[in-house]
$ cat entry-v3.txt   # compact mmCIF, C-alpha atoms and all ligand atoms
# COMPACT_ATOMS: atom_id res chain seq x y z
CA LEU A 1 4.59 19.42 14.55
CA GLU A 2 0.89 18.45 14.69
CA ALA A 3 -0.47 21.93 15.43
CA LYS A 4 1.84 23.51 12.86
CA VAL A 5 0.87 21.00 10.16
CA SER A 6 -2.79 21.69 10.86
CA GLU A 7 -2.27 25.46 10.85
CA ASP A 8 -0.15 25.49 7.65
CA ASP A 9 -2.16 22.72 5.92
CA ALA A 10 1.21 21.26 4.93
CA ILE A 11 3.80 18.83 6.24
CA PRO A 12 7.26 20.47 6.36
CA ALA A 13 9.68 19.26 3.70
CA ASP A 14 12.24 18.11 6.28
CA ALA A 15 9.64 15.87 8.00
CA LEU A 16 8.75 14.35 4.62
CA ALA A 17 12.46 13.79 3.92
CA GLU A 18 12.82 12.06 7.29
CA MET A 19 9.84 9.81 6.53
CA ARG A 20 11.37 8.92 3.17
CA ALA A 21 14.69 8.10 4.85
CA LEU A 22 12.87 5.80 7.31
CA GLY A 23 11.52 3.83 4.36
CA LEU A 24 7.89 4.67 5.17
CA PHE A 25 6.95 5.28 1.51
CA GLY A 26 8.08 1.77 0.62
CA LEU A 27 6.78 -0.31 3.55
CA SER A 28 4.74 -2.59 1.31
CA ILE A 29 6.91 -2.50 -1.84
CA PRO A 30 8.87 -5.74 -2.40
CA GLU A 31 12.55 -5.59 -1.43
CA THR A 32 13.59 -6.41 -5.02
CA TYR A 33 12.27 -2.99 -5.97
CA GLY A 34 13.84 -1.12 -3.06
CA GLY A 35 10.99 -1.29 -0.53
CA LEU A 36 10.91 -2.88 2.92
CA GLY A 37 8.69 -5.72 1.68
CA LEU A 38 6.72 -5.96 4.93
CA SER A 39 4.00 -8.55 5.33
CA MET A 40 0.46 -7.22 5.83
CA GLU A 41 0.72 -8.03 9.52
CA ALA A 42 4.03 -6.17 9.88
CA GLU A 43 2.65 -3.19 7.95
CA CYS A 44 -0.38 -3.06 10.25
CA ARG A 45 1.82 -3.28 13.33
CA ALA A 46 3.96 -0.42 11.96
CA MET A 47 0.77 1.63 11.54
CA PHE A 48 -0.39 0.85 15.09
CA GLU A 49 2.77 2.65 16.24
CA PHE A 50 3.17 5.34 13.59
CA CYS A 51 -0.44 6.49 13.78
CA ARG A 52 -0.15 7.66 17.35
CA CYS A 53 0.13 11.04 15.67
CA SER A 54 -2.00 13.26 13.49
CA PRO A 55 -3.36 11.12 10.60
CA ALA A 56 -2.15 13.72 8.08
CA PHE A 57 1.39 12.36 8.47
CA ARG A 58 0.27 8.85 7.48
CA SER A 59 -1.62 10.20 4.53
CA SER A 60 1.57 11.64 3.03
CA PHE A 61 2.91 8.13 2.37
CA GLY A 62 -0.32 6.13 2.68
CA THR A 63 -1.13 6.12 -1.02
CA ASN A 64 2.41 4.94 -1.88
CA VAL A 65 2.07 2.08 0.60
CA GLY A 66 -1.54 1.28 -0.24
CA ILE A 67 -4.07 2.18 -2.88
CA GLY A 68 -1.65 4.13 -5.09
CA SER A 69 0.87 1.31 -5.52
CA GLN A 70 -0.84 -2.00 -4.84
CA GLY A 71 -2.53 -2.33 -8.23
CA LEU A 72 0.96 -2.20 -9.71
CA VAL A 73 2.44 -4.58 -7.10
CA MET A 74 -0.36 -7.14 -7.52
CA PHE A 75 -1.14 -6.87 -11.24
CA GLY A 76 1.76 -5.03 -12.90
CA THR A 77 4.06 -6.57 -15.50
CA ASP A 78 7.78 -6.89 -14.72
CA ALA A 79 8.48 -3.96 -17.01
CA GLN A 80 5.88 -1.77 -15.26
CA LYS A 81 7.23 -2.71 -11.84
CA LYS A 82 10.86 -2.04 -12.83
CA ARG A 83 9.90 1.31 -14.25
CA TRP A 84 7.95 2.67 -11.30
CA LEU A 85 8.28 0.70 -8.07
CA PRO A 86 11.82 1.83 -7.08
CA GLY A 87 10.76 5.50 -7.24
CA ILE A 88 7.58 4.74 -5.29
CA ALA A 89 9.52 2.85 -2.63
CA SER A 90 11.95 5.72 -2.10
CA GLY A 91 9.14 8.29 -2.04
CA GLU A 92 10.56 10.12 -5.03
CA VAL A 93 7.40 9.18 -6.95
CA VAL A 94 4.17 9.94 -5.09
CA THR A 95 1.22 7.86 -6.24
CA SER A 96 -2.50 8.39 -6.22
CA PHE A 97 -5.58 6.22 -6.82
CA ALA A 98 -8.17 7.75 -9.13
CA LEU A 99 -11.44 5.83 -8.88
CA THR A 100 -14.04 8.24 -7.43
CA GLU A 101 -15.91 10.61 -9.75
CA PRO A 102 -18.59 13.24 -9.22
CA GLU A 103 -21.27 10.65 -10.09
CA ALA A 104 -19.42 7.51 -8.95
CA GLY A 105 -18.67 7.47 -5.20
CA SER A 106 -20.01 4.40 -3.38
CA ASP A 107 -21.25 3.16 -6.75
CA SER A 108 -17.74 2.95 -8.07
CA ALA A 109 -18.65 0.68 -11.01
CA ALA A 110 -20.50 3.67 -12.51
CA VAL A 111 -17.30 5.44 -13.62
CA ARG A 112 -17.79 7.59 -16.70
CA THR A 113 -14.17 8.50 -17.40
CA LYS A 114 -13.50 6.77 -20.69
CA ALA A 115 -10.43 5.32 -22.35
CA ASP A 116 -10.95 4.89 -26.09
CA ARG A 117 -8.58 2.53 -27.81
CA ALA A 118 -6.48 3.92 -30.70
CA VAL A 119 -3.70 2.04 -32.49
CA ASP A 120 -0.92 2.15 -29.90
CA HIS A 121 -2.56 4.14 -27.11
CA TYR A 122 -5.82 4.94 -25.32
CA VAL A 123 -7.42 8.36 -25.27
CA LEU A 124 -8.39 9.08 -21.67
CA SER A 125 -11.08 11.68 -20.94
CA GLY A 126 -13.04 12.43 -17.80
CA ALA A 127 -13.03 13.84 -14.30
CA LYS A 128 -12.06 12.30 -10.98
CA ARG A 129 -12.97 13.76 -7.58
CA TYR A 130 -11.53 13.87 -4.03
CA ILE A 131 -8.32 12.17 -5.09
CA THR A 132 -5.89 11.89 -2.15
CA ASN A 133 -2.40 13.31 -2.75
CA ALA A 134 -3.30 14.30 -6.33
CA ASN A 135 -1.47 17.61 -5.99
CA ARG A 136 1.79 15.84 -5.07
CA ALA A 137 1.39 12.76 -7.24
CA SER A 138 3.45 11.98 -10.29
CA LEU A 139 1.71 8.66 -11.03
CA PHE A 140 -2.02 7.86 -10.97
CA THR A 141 -3.77 4.51 -11.09
CA VAL A 142 -6.88 5.46 -13.05
CA MET A 143 -10.02 3.39 -13.53
CA ALA A 144 -11.73 4.21 -16.83
CA ARG A 145 -14.38 2.69 -19.05
CA THR A 146 -12.95 0.96 -22.12
CA ASP A 147 -16.22 -0.66 -23.15
CA PRO A 148 -19.09 1.82 -23.32
CA ASN A 149 -21.53 -1.03 -24.02
CA GLN A 150 -20.89 -2.55 -20.59
CA LYS A 151 -22.58 -0.50 -17.89
CA GLY A 152 -21.05 -1.94 -14.68
CA GLY A 153 -17.59 -2.95 -13.59
CA ALA A 154 -17.09 -5.31 -16.53
CA GLY A 155 -16.39 -2.41 -18.93
CA VAL A 156 -13.74 -0.80 -16.71
CA SER A 157 -9.95 -1.04 -17.13
CA ALA A 158 -7.06 0.28 -15.02
CA PHE A 159 -4.22 2.47 -16.27
CA LEU A 160 -0.95 3.85 -14.95
CA VAL A 161 -1.04 7.51 -15.88
CA PRO A 162 2.01 9.73 -15.30
CA ARG A 163 1.13 13.26 -14.21
CA ASP A 164 3.28 14.81 -16.91
CA LEU A 165 1.25 13.48 -19.86
CA ASP A 166 -0.39 16.25 -21.89
CA GLY A 167 -3.99 16.84 -20.84
CA VAL A 168 -3.67 15.87 -17.15
CA SER A 169 -4.67 18.73 -14.84
CA ILE A 170 -5.14 18.91 -11.09
CA GLY A 171 -7.65 21.08 -9.22
CA LYS A 172 -7.00 23.06 -6.04
CA PRO A 173 -6.91 21.14 -2.74
CA GLU A 174 -10.39 21.06 -1.17
CA LYS A 175 -11.02 22.80 2.15
CA LYS A 176 -11.89 19.99 4.54
CA MET A 177 -13.32 19.31 7.98
CA GLY A 178 -10.07 17.77 9.23
CA GLN A 179 -6.77 16.08 8.36
CA GLN A 180 -5.19 19.39 7.32
CA GLY A 181 -1.83 18.67 5.72
CA ALA A 182 -3.38 15.81 3.70
CA HIS A 183 -4.85 16.96 0.43
CA ILE A 184 -7.62 15.86 -1.93
CA CYS A 185 -8.21 17.38 -5.36
CA ASP A 186 -10.09 16.94 -8.60
CA VAL A 187 -8.11 15.38 -11.44
CA ASN A 188 -9.11 16.02 -15.03
CA PHE A 189 -8.09 14.09 -18.12
CA ASP A 190 -8.54 15.94 -21.39
CA ALA A 191 -7.86 13.56 -24.29
CA VAL A 192 -4.74 12.21 -22.59
CA LYS A 193 -2.80 9.76 -24.77
CA VAL A 194 -1.96 6.80 -22.52
CA PRO A 195 0.37 4.21 -24.10
CA ILE A 196 -1.07 0.68 -24.30
CA GLU A 197 1.81 -0.64 -22.18
CA ASN A 198 0.48 1.48 -19.28
CA ARG A 199 -2.67 -0.60 -18.96
CA LEU A 200 -2.74 -2.57 -15.72
CA GLY A 201 -4.00 -6.10 -16.29
CA GLU A 202 -6.35 -6.95 -19.13
CA GLU A 203 -9.12 -4.82 -20.56
CA GLY A 204 -12.21 -5.17 -18.38
CA GLN A 205 -10.25 -6.17 -15.23
CA GLY A 206 -10.01 -2.64 -13.81
CA PHE A 207 -12.95 -2.82 -11.43
CA ARG A 208 -11.81 -6.10 -9.88
CA ILE A 209 -8.29 -4.70 -9.57
CA ALA A 210 -9.73 -1.67 -7.75
CA MET A 211 -11.76 -3.90 -5.42
CA GLN A 212 -8.75 -6.05 -4.55
CA VAL A 213 -6.64 -2.97 -3.94
CA LEU A 214 -9.41 -1.69 -1.64
CA ASP A 215 -9.62 -5.00 0.26
CA ARG A 216 -6.01 -4.47 1.21
CA GLY A 217 -6.41 -0.72 1.71
CA ARG A 218 -9.27 -1.28 4.15
CA LEU A 219 -7.03 -3.35 6.38
CA HIS A 220 -4.37 -0.66 6.28
CA ILE A 221 -6.90 2.05 7.24
CA SER A 222 -8.18 -0.15 10.07
CA SER A 223 -4.67 -0.33 11.54
CA VAL A 224 -4.43 3.46 11.24
CA CYS A 225 -7.67 3.75 13.29
CA VAL A 226 -6.19 1.51 16.01
CA GLY A 227 -3.03 3.67 16.16
CA VAL A 228 -5.02 6.89 16.51
CA ALA A 229 -7.23 5.29 19.19
CA GLU A 230 -4.10 4.33 21.16
CA ARG A 231 -2.87 7.90 21.06
CA LEU A 232 -6.21 9.24 22.27
CA ILE A 233 -6.39 6.67 25.06
CA GLU A 234 -2.91 7.69 26.21
CA GLU A 235 -4.01 11.36 26.23
CA CYS A 236 -7.18 10.51 28.16
CA VAL A 237 -5.40 8.48 30.85
CA ARG A 238 -2.82 11.23 31.32
CA TYR A 239 -5.40 14.00 31.49
CA ALA A 240 -7.76 12.10 33.77
CA GLY A 241 -4.85 11.54 36.15
CA GLU A 242 -3.83 15.22 36.15
CA ARG A 243 -7.17 17.00 36.10
CA LYS A 244 -8.58 17.57 39.58
CA GLN A 245 -12.25 18.22 40.38
CA PHE A 246 -14.10 17.82 43.68
CA GLY A 247 -10.66 17.61 45.34
CA GLN A 248 -9.32 14.65 43.41
CA ALA A 249 -8.17 13.41 40.03
CA ILE A 250 -11.15 12.80 37.73
CA ALA A 251 -9.62 9.35 37.00
CA ASN A 252 -10.97 8.32 40.41
CA PHE A 253 -14.56 8.77 39.25
CA GLN A 254 -16.28 5.68 37.99
CA MET A 255 -18.04 7.45 35.13
CA ILE A 256 -14.64 8.52 33.77
CA GLN A 257 -13.27 5.03 34.41
CA ALA A 258 -16.15 3.52 32.44
CA MET A 259 -15.27 5.67 29.43
CA LEU A 260 -11.59 4.73 29.70
CA ALA A 261 -12.44 1.05 30.02
CA ASP A 262 -14.76 1.10 27.00
CA CYS A 263 -11.99 2.75 24.96
CA ARG A 264 -9.46 0.11 25.99
CA ALA A 265 -11.77 -2.85 25.37
CA GLU A 266 -12.77 -1.58 21.92
CA ALA A 267 -9.23 -0.65 20.86
CA ASN A 268 -8.00 -4.10 21.91
CA ALA A 269 -10.81 -5.72 19.91
CA GLY A 270 -9.90 -3.63 16.85
CA ARG A 271 -6.21 -4.53 17.16
CA ALA A 272 -6.99 -8.24 17.46
CA MET A 273 -9.33 -8.17 14.44
CA VAL A 274 -6.75 -6.41 12.30
CA ILE A 275 -3.95 -8.81 13.24
CA ASP A 276 -6.19 -11.81 12.58
CA ALA A 277 -7.30 -10.54 9.15
CA ALA A 278 -3.76 -9.48 8.20
CA ARG A 279 -2.42 -12.94 9.07
CA LYS A 280 -5.14 -14.54 6.95
CA ARG A 281 -4.21 -12.29 4.03
CA ASP A 282 -0.52 -13.13 4.48
CA ALA A 283 -1.50 -16.82 4.34
CA GLY A 284 -3.13 -16.20 0.94
CA GLU A 285 -6.76 -16.30 2.08
CA ASN A 286 -9.49 -14.11 0.62
CA VAL A 287 -10.13 -11.39 3.21
CA THR A 288 -12.79 -9.32 1.47
CA MET A 289 -15.20 -9.88 4.36
CA GLU A 290 -12.60 -9.69 7.12
CA ALA A 291 -11.15 -6.42 5.77
CA ALA A 292 -14.64 -4.91 5.56
CA CYS A 293 -15.38 -6.05 9.15
CA CYS A 294 -12.14 -4.41 10.32
CA LYS A 295 -12.82 -1.18 8.44
CA LEU A 296 -16.39 -0.99 9.75
CA PHE A 297 -15.49 -1.75 13.37
CA CYS A 298 -12.20 0.16 13.66
CA SER A 299 -13.38 3.36 11.96
CA GLU A 300 -16.50 3.46 14.15
CA MET A 301 -14.47 2.49 17.22
CA VAL A 302 -12.02 5.38 16.82
CA GLY A 303 -14.99 7.72 16.34
CA ARG A 304 -16.37 6.62 19.72
CA VAL A 305 -12.93 6.90 21.33
CA ALA A 306 -12.48 10.44 19.98
CA ASP A 307 -15.95 11.39 21.20
CA ARG A 308 -15.17 10.10 24.71
CA ALA A 309 -11.83 11.92 24.62
CA VAL A 310 -13.62 15.23 24.04
CA GLN A 311 -15.97 14.35 26.93
CA ILE A 312 -13.14 13.45 29.33
CA PHE A 313 -11.23 16.62 28.46
CA GLY A 314 -14.46 18.62 28.79
CA GLY A 315 -14.03 22.30 27.84
CA ALA A 316 -10.34 21.63 27.20
CA GLY A 317 -11.35 19.01 24.65
CA TYR A 318 -13.47 21.51 22.77
CA VAL A 319 -10.84 24.26 22.46
CA ALA A 320 -8.03 23.87 19.97
CA ASP A 321 -5.03 24.06 22.36
CA HIS A 322 -5.01 20.41 23.40
CA GLY A 323 -5.50 19.03 19.89
CA ILE A 324 -8.32 16.70 20.97
CA GLU A 325 -10.96 18.49 18.88
CA ARG A 326 -8.58 18.19 15.93
CA PHE A 327 -8.47 14.40 16.29
CA TYR A 328 -12.26 14.37 16.67
CA ARG A 329 -12.54 16.06 13.25
CA ASP A 330 -9.71 14.02 11.70
CA VAL A 331 -11.17 10.60 12.52
CA ARG A 332 -14.55 11.38 10.92
CA LEU A 333 -13.04 10.67 7.52
CA PHE A 334 -12.23 7.05 8.42
CA ARG A 335 -15.94 6.17 8.25
CA ILE A 336 -16.17 7.55 4.72
CA TYR A 337 -13.10 6.97 2.54
CA GLU A 338 -12.04 3.61 1.06
CA GLY A 339 -15.71 2.63 1.41
CA SER A 340 -18.24 4.10 3.85
CA SER A 341 -19.53 2.12 6.84
CA GLU A 342 -22.67 1.42 4.82
CA ILE A 343 -20.62 -0.07 1.96
CA GLN A 344 -18.62 -2.20 4.44
CA ARG A 345 -21.89 -3.62 5.81
CA LEU A 346 -23.01 -4.37 2.28
CA VAL A 347 -19.73 -6.12 1.42
CA ILE A 348 -19.87 -8.13 4.67
CA ALA A 349 -23.46 -9.25 4.08
CA ARG A 350 -22.79 -10.22 0.45
CA GLU A 351 -19.77 -12.29 1.47
CA MET A 352 -21.80 -13.93 4.24
CA MET A 353 -24.37 -15.03 1.66
CA LYS A 354 -21.58 -16.48 -0.51
CA ARG A 355 -19.85 -18.23 2.38
CA GLY A 356 -22.99 -19.31 4.17
CA GLY A 357 -22.16 -17.30 7.29
N1 LIG B 1 -12.33 -8.86 -5.01
C1 LIG B 1 -12.41 -9.41 -6.24
N2 LIG B 1 -13.46 -9.22 -7.08
C2 LIG B 1 -14.45 -8.43 -6.63
C3 LIG B 1 -14.44 -7.85 -5.35
C4 LIG B 1 -13.32 -8.09 -4.52
N3 LIG B 1 -13.24 -7.55 -3.30
N4 LIG B 1 -15.58 -7.13 -5.19
C5 LIG B 1 -16.28 -7.27 -6.31
N5 LIG B 1 -15.60 -8.04 -7.18
C6 LIG B 1 -16.03 -8.50 -8.52
C7 LIG B 1 -17.31 -9.30 -8.37
O1 LIG B 1 -17.04 -10.66 -8.16
C8 LIG B 1 -17.99 -9.07 -9.72
O2 LIG B 1 -17.41 -9.92 -10.66
P1 LIG B 1 -18.34 -10.68 -11.75
O3 LIG B 1 -18.96 -9.59 -12.56
O4 LIG B 1 -17.37 -11.51 -12.53
O5 LIG B 1 -19.32 -11.47 -10.96
C9 LIG B 1 -17.57 -7.65 -10.07
O6 LIG B 1 -16.39 -7.36 -9.31
C10 LIG B 1 -18.65 -6.63 -9.73
O7 LIG B 1 -18.94 -6.74 -8.36
P2 LIG B 1 -20.32 -6.35 -7.71
O8 LIG B 1 -21.43 -6.90 -8.54
O9 LIG B 1 -20.28 -6.70 -6.27
O10 LIG B 1 -20.28 -4.75 -7.91
P3 LIG B 1 -21.28 -3.62 -7.41
O11 LIG B 1 -21.34 -2.61 -8.46
O12 LIG B 1 -22.53 -4.20 -6.87
O13 LIG B 1 -20.48 -2.87 -6.21
C11 LIG B 1 -19.40 -2.39 -4.18
C12 LIG B 1 -19.72 -3.41 -5.29
C13 LIG B 1 -20.57 -1.53 -3.77
C14 LIG B 1 -18.97 -3.23 -3.01
C15 LIG B 1 -18.24 -1.52 -4.68
O14 LIG B 1 -18.69 -0.63 -5.68
C16 LIG B 1 -17.55 -0.72 -3.59
O15 LIG B 1 -16.70 -1.24 -2.87
N6 LIG B 1 -17.87 0.57 -3.48
C17 LIG B 1 -17.17 1.47 -2.61
C18 LIG B 1 -16.00 2.01 -3.34
C19 LIG B 1 -15.06 2.69 -2.43
O16 LIG B 1 -14.54 2.11 -1.49
N7 LIG B 1 -14.79 3.93 -2.74
C20 LIG B 1 -13.89 4.69 -1.99
C21 LIG B 1 -13.07 5.48 -2.91
S1 LIG B 1 -11.57 4.81 -3.29
S2 LIG B 1 -10.45 5.63 -1.89
$ encode --input "entry-v3.txt" --output "structure tokens" --more "lines below"
Ligand code: COS
Amino acid sequence: LEAKVSEDDAIPADALAEMRALGLFGLSIPETYGGLGLSMEAECRAMFEFCRCSPAFRSSFGTNVGIGSQGLVMFGTDAQKKRWLPGIASGEVVTSFALTEPEAGSDSAAVRTKADRAVDHYVLSGAKRYITNANRASLFTVMARTDPNQKGGAGVSAFLVPRDLDGVSIGKPEKKMGQQGAHICDVNFDAVKVPIENRLGEEGQGFRIAMQVLDRGRLHISSVCVGVAERLIEECVRYAGERKQFGQAIANFQMIQAMLADCRAEANAGRAMVIDAARKRDAGENVTMEAACCKLFCSEMVGRVADRAVQIFGGAGYVADHGIERFYRDVRLFRIYEGSSEIQRLVIAREMMKRGG
């Protein structure tokens, strides 16, 4: 289906239904609420396997498993969890994470969307940008400023905002470089009345909630990068064995072998890093630095693997028929979303200063 999904910019409804039936939307949702309740390590291992296909498929359930649900899983009240998690786990409710704004990308503490407190609700106003799955979502986790006197993260709170509240509107999906079939849109809030019981955590905790959700999300994305790298390596080994030049398979040439070997060594390193960090998170350790290391290394690693894949396939890698150029475009996003490589380096260095190494 990969070529069709890319061509149509949509995943067919029956494939989505099959993914729901497999439990993919609820991998990380606790079993009490109808999910599979996988550990971080198990979730990452599932992604190593699942992501041997076009990343657009993962994106369809990725927000439910990760950034769209984990604020609720980690910081929600029992009532909030009972209300929403079963629908998220089954895939009936698609979730989305609304942090980024036109003027708040890497500097995510600069959000301007505001939530003014009234008697029994907040009035939410502002604009969010490049929000994954916004066009399919029925529930948003929204970070908004509740204290205009606090400039940074301290004035930000998190809210669970159902799509059907008056004043919520969604822009058209953006035309993108890759990952067709996965959509990002603007989301606008025009004086939306959000009930007080929809606030996630306390007032002023929203930025920290977002950061903790992203720590986890960055591990998830790293495992996605490993899965995609495995697929590309498989394609490269197959093609290098089949393609003949100078009277023999190009796999016999040492310059091709060097590229294959570099791909294998780096993918293995990425896999080992992810498993190690996931195990630490499962053991209750703080993995802010480890998750950022994984995201930095794995997203750059899959970029190098995709680049070598185009080189090994040569002209065939550049034309659309083999799908290699599609992966080359798809993987570029991994170095940008859920924190760019530059932000990962910054997070790593800050944690090193705190930990003394
Ligand atoms: N876990 C828990 N708390 C965290 C945290 C984490 N991972 N990261 C930061 N915090 C806390 C800090 O401890 C600090 O708390 P105090 O004010 O009590 O000291 C507070 O949050 C503010 O942190 P900091 O001063 O580090 O914030 P900065 O504005 O300097 O920004 C970066 C931090 C740049 C790391 C953050 O804005 C970031 O990750 N940006 C990228 C965002 C991103 O990934 N966007 C992608 C879109 S979402 S798909």
$ closest_residue --input "entry-v3.txt" --among "A:Glu49, A:Glu242, A:Asp164, A:Asp215" --to "Arg281 in chain A" --atoms "all atoms listed in the file"
A:Asp215
$ residues_near_point --input "entry-v3.txt" --point "(-11.8, 15.3, 16.1)" --cutoff "12 Å" --atoms "all atoms listed in the file" --output "number ranges by chain"
A: 54-55, 177-180, 228-229, 232, 302-311, 317-320, 322-334
$ closest_atom_pairs --input "entry-v3.txt" --of "chain A" --to "ligand LIG 1 (chain B)" --cutoff "6 Å" --atoms "only C-alpha atoms and all ligand atoms" --output "Markdown table"
| residue | atom | partner | partner_atom | distance |
| --- | --- | --- | --- | --- |
| A:Leu99 | CA | B:LIG1 | S1 | 5.7 |
| A:Thr100 | CA | B:LIG1 | C21 | 5.4 |
| A:Gly105 | CA | B:LIG1 | N7 | 5.8 |
| A:Ser106 | CA | B:LIG1 | C17 | 4.2 |
| A:Asp107 | CA | B:LIG1 | O14 | 4.7 |
| A:Ser108 | CA | B:LIG1 | O14 | 4.4 |
| A:Ala109 | CA | B:LIG1 | O11 | 5.0 |
| A:Gly153 | CA | B:LIG1 | C10 | 5.4 |
| A:Arg208 | CA | B:LIG1 | N2 | 4.5 |
| A:Met211 | CA | B:LIG1 | N3 | 4.5 |
| A:Gln212 | CA | B:LIG1 | N1 | 4.6 |
| A:Asp215 | CA | B:LIG1 | N3 | 5.7 |
| A:Thr288 | CA | B:LIG1 | N3 | 5.1 |
| A:Tyr337 | CA | B:LIG1 | C20 | 5.1 |
| A:Glu338 | CA | B:LIG1 | C20 | 3.7 |
| A:Gly339 | CA | B:LIG1 | O16 | 3.2 |
| A:Ile343 | CA | B:LIG1 | C13 | 5.9 |
| A:Val347 | CA | B:LIG1 | C14 | 5.3 |
$ atom_distance --input "entry-v3.txt" --atom1 "CA of Arg117 in chain A" --atom2 "CA of Leu214 in chain A"
26.5 Å
$ closest_residue --input "entry-v3.txt" --among "A:Ser223, A:Thr141, A:Ser340, A:Gln80" --to "Leu296 in chain A" --atoms "all atoms listed in the file"
A:Ser340
$ atom_distance --input "entry-v3.txt" --atom1 "CA of Gly37 in chain A" --atom2 "CA of Met74 in chain A"
13.0 Å
$ closest_residue --input "entry-v3.txt" --among "A:Leu38, A:Ala137, A:Leu260, A:Ile170" --to "Gly87 in chain A" --atoms "all atoms listed in the file"
A:Ala137
$ closest_residue --input "entry-v3.txt" --among "A:Phe159, A:Trp84, A:Tyr33, A:Phe253" --to "Lys114 in chain A" --atoms "all atoms listed in the file"
A:Phe159
$ atom_distance --input "entry-v3.txt" --atom1 "CA of Glu203 in chain A" --atom2 "CA of Asn64 in chain A"
24.0 Å
$ closest_residue --input "entry-v3.txt" --among "A:Leu124, A:Ile11, A:Ala42, A:Cys185" --to "Glu101 in chain A" --atoms "all atoms listed in the file"
A:Cys185
$ closest_atom_pairs --input "entry-v3.txt" --of "range 76-152 of chain A" --to "range 13-27 of chain A" --cutoff "10 Å" --atoms "only C-alpha atoms" --output "JSON lines"
{"residue": "A:Leu85", "atom": "CA", "partner": "A:Gly26", "partner_atom": "CA", "distance": 8.8}
{"residue": "A:Pro86", "atom": "CA", "partner": "A:Gly26", "partner_atom": "CA", "distance": 8.6}
{"residue": "A:Gly87", "atom": "CA", "partner": "A:Gly26", "partner_atom": "CA", "distance": 9.1}
{"residue": "A:Ile88", "atom": "CA", "partner": "A:Gly26", "partner_atom": "CA", "distance": 6.6}
{"residue": "A:Ala89", "atom": "CA", "partner": "A:Gly26", "partner_atom": "CA", "distance": 3.7}
{"residue": "A:Ser90", "atom": "CA", "partner": "A:Gly26", "partner_atom": "CA", "distance": 6.2}
{"residue": "A:Gly91", "atom": "CA", "partner": "A:Phe25", "partner_atom": "CA", "distance": 5.1}
{"residue": "A:Glu92", "atom": "CA", "partner": "A:Arg20", "partner_atom": "CA", "distance": 8.3}
{"residue": "A:Val93", "atom": "CA", "partner": "A:Phe25", "partner_atom": "CA", "distance": 9.3}
{"residue": "A:Val94", "atom": "CA", "partner": "A:Phe25", "partner_atom": "CA", "distance": 8.5}
{"residue": "A:Thr95", "atom": "CA", "partner": "A:Phe25", "partner_atom": "CA", "distance": 10.0}
$ write_last_selection --input "entry-v3.txt" --atoms "C-alpha atoms" --output "mmCIF file, keeping the file's coordinate frame"
data_model
loop_
_atom_site.group_PDB
_atom_site.id
_atom_site.type_symbol
_atom_site.label_atom_id
_atom_site.label_comp_id
_atom_site.auth_asym_id
_atom_site.auth_seq_id
_atom_site.Cartn_x
_atom_site.Cartn_y
_atom_site.Cartn_z
ATOM 1 C CA LEU A 85 8.280 0.700 -8.070
ATOM 2 C CA PRO A 86 11.820 1.830 -7.080
ATOM 3 C CA GLY A 87 10.760 5.500 -7.240
ATOM 4 C CA ILE A 88 7.580 4.740 -5.290
ATOM 5 C CA ALA A 89 9.520 2.850 -2.630
ATOM 6 C CA SER A 90 11.950 5.720 -2.100
ATOM 7 C CA GLY A 91 9.140 8.290 -2.040
ATOM 8 C CA GLU A 92 10.560 10.120 -5.030
ATOM 9 C CA VAL A 93 7.400 9.180 -6.950
ATOM 10 C CA VAL A 94 4.170 9.940 -5.090
ATOM 11 C CA THR A 95 1.220 7.860 -6.240
#
$ closest_residue --input "entry-v3.txt" --among "A:Asn198, A:Ala240, A:Ile233, A:Ile209" --to "Ala316 in chain A" --atoms "only C-alpha atoms"
A:Ala240
$ residues_around --input "entry-v3.txt" --residues "Phe297 in chain A" --least-positions-apart "4" --cutoff "9 Å" --atoms "only C-alpha atoms" --output "compact mmCIF listing (two decimals) with C-alpha atoms, keeping the file's coordinate frame"
# COMPACT_ATOMS: atom_id res chain seq x y z
CA SER A 222 -8.18 -0.15 10.07
CA GLU A 266 -12.77 -1.58 21.92
CA ALA A 269 -10.81 -5.72 19.91
CA GLY A 270 -9.90 -3.63 16.85
CA MET A 273 -9.33 -8.17 14.44
CA ALA A 292 -14.64 -4.91 5.56
CA CYS A 293 -15.38 -6.05 9.15
CA MET A 301 -14.47 2.49 17.22
CA VAL A 302 -12.02 5.38 16.82
CA SER A 341 -19.53 2.12 6.84
$ residues_around --input "entry-v3.txt" --residues "Thr146 in chain A" --least-positions-apart "4" --cutoff "9 Å" --atoms "all atoms listed in the file" --output "MDAnalysis selection string"
chainID A and resid 113:117 122 150 155:157 203:204
$ residues_around --input "entry-v3.txt" --residues "Gly284 in chain A" --least-positions-apart "5" --cutoff "12 Å" --atoms "only C-alpha atoms" --output "ChimeraX atom specification"
/A:39-40,277-279
$ write_last_selection --input "entry-v3.txt" --atoms "C-alpha atoms" --output "PDB file, in the frame of the given file"
ATOM      1  CA  SER A  39       4.000  -8.550   5.330  1.00  0.00           C
ATOM      2  CA  MET A  40       0.460  -7.220   5.830  1.00  0.00           C
ATOM      3  CA  ALA A 277      -7.300 -10.540   9.150  1.00  0.00           C
ATOM      4  CA  ALA A 278      -3.760  -9.480   8.200  1.00  0.00           C
ATOM      5  CA  ARG A 279      -2.420 -12.940   9.070  1.00  0.00           C
TER       6      ARG A 279
END
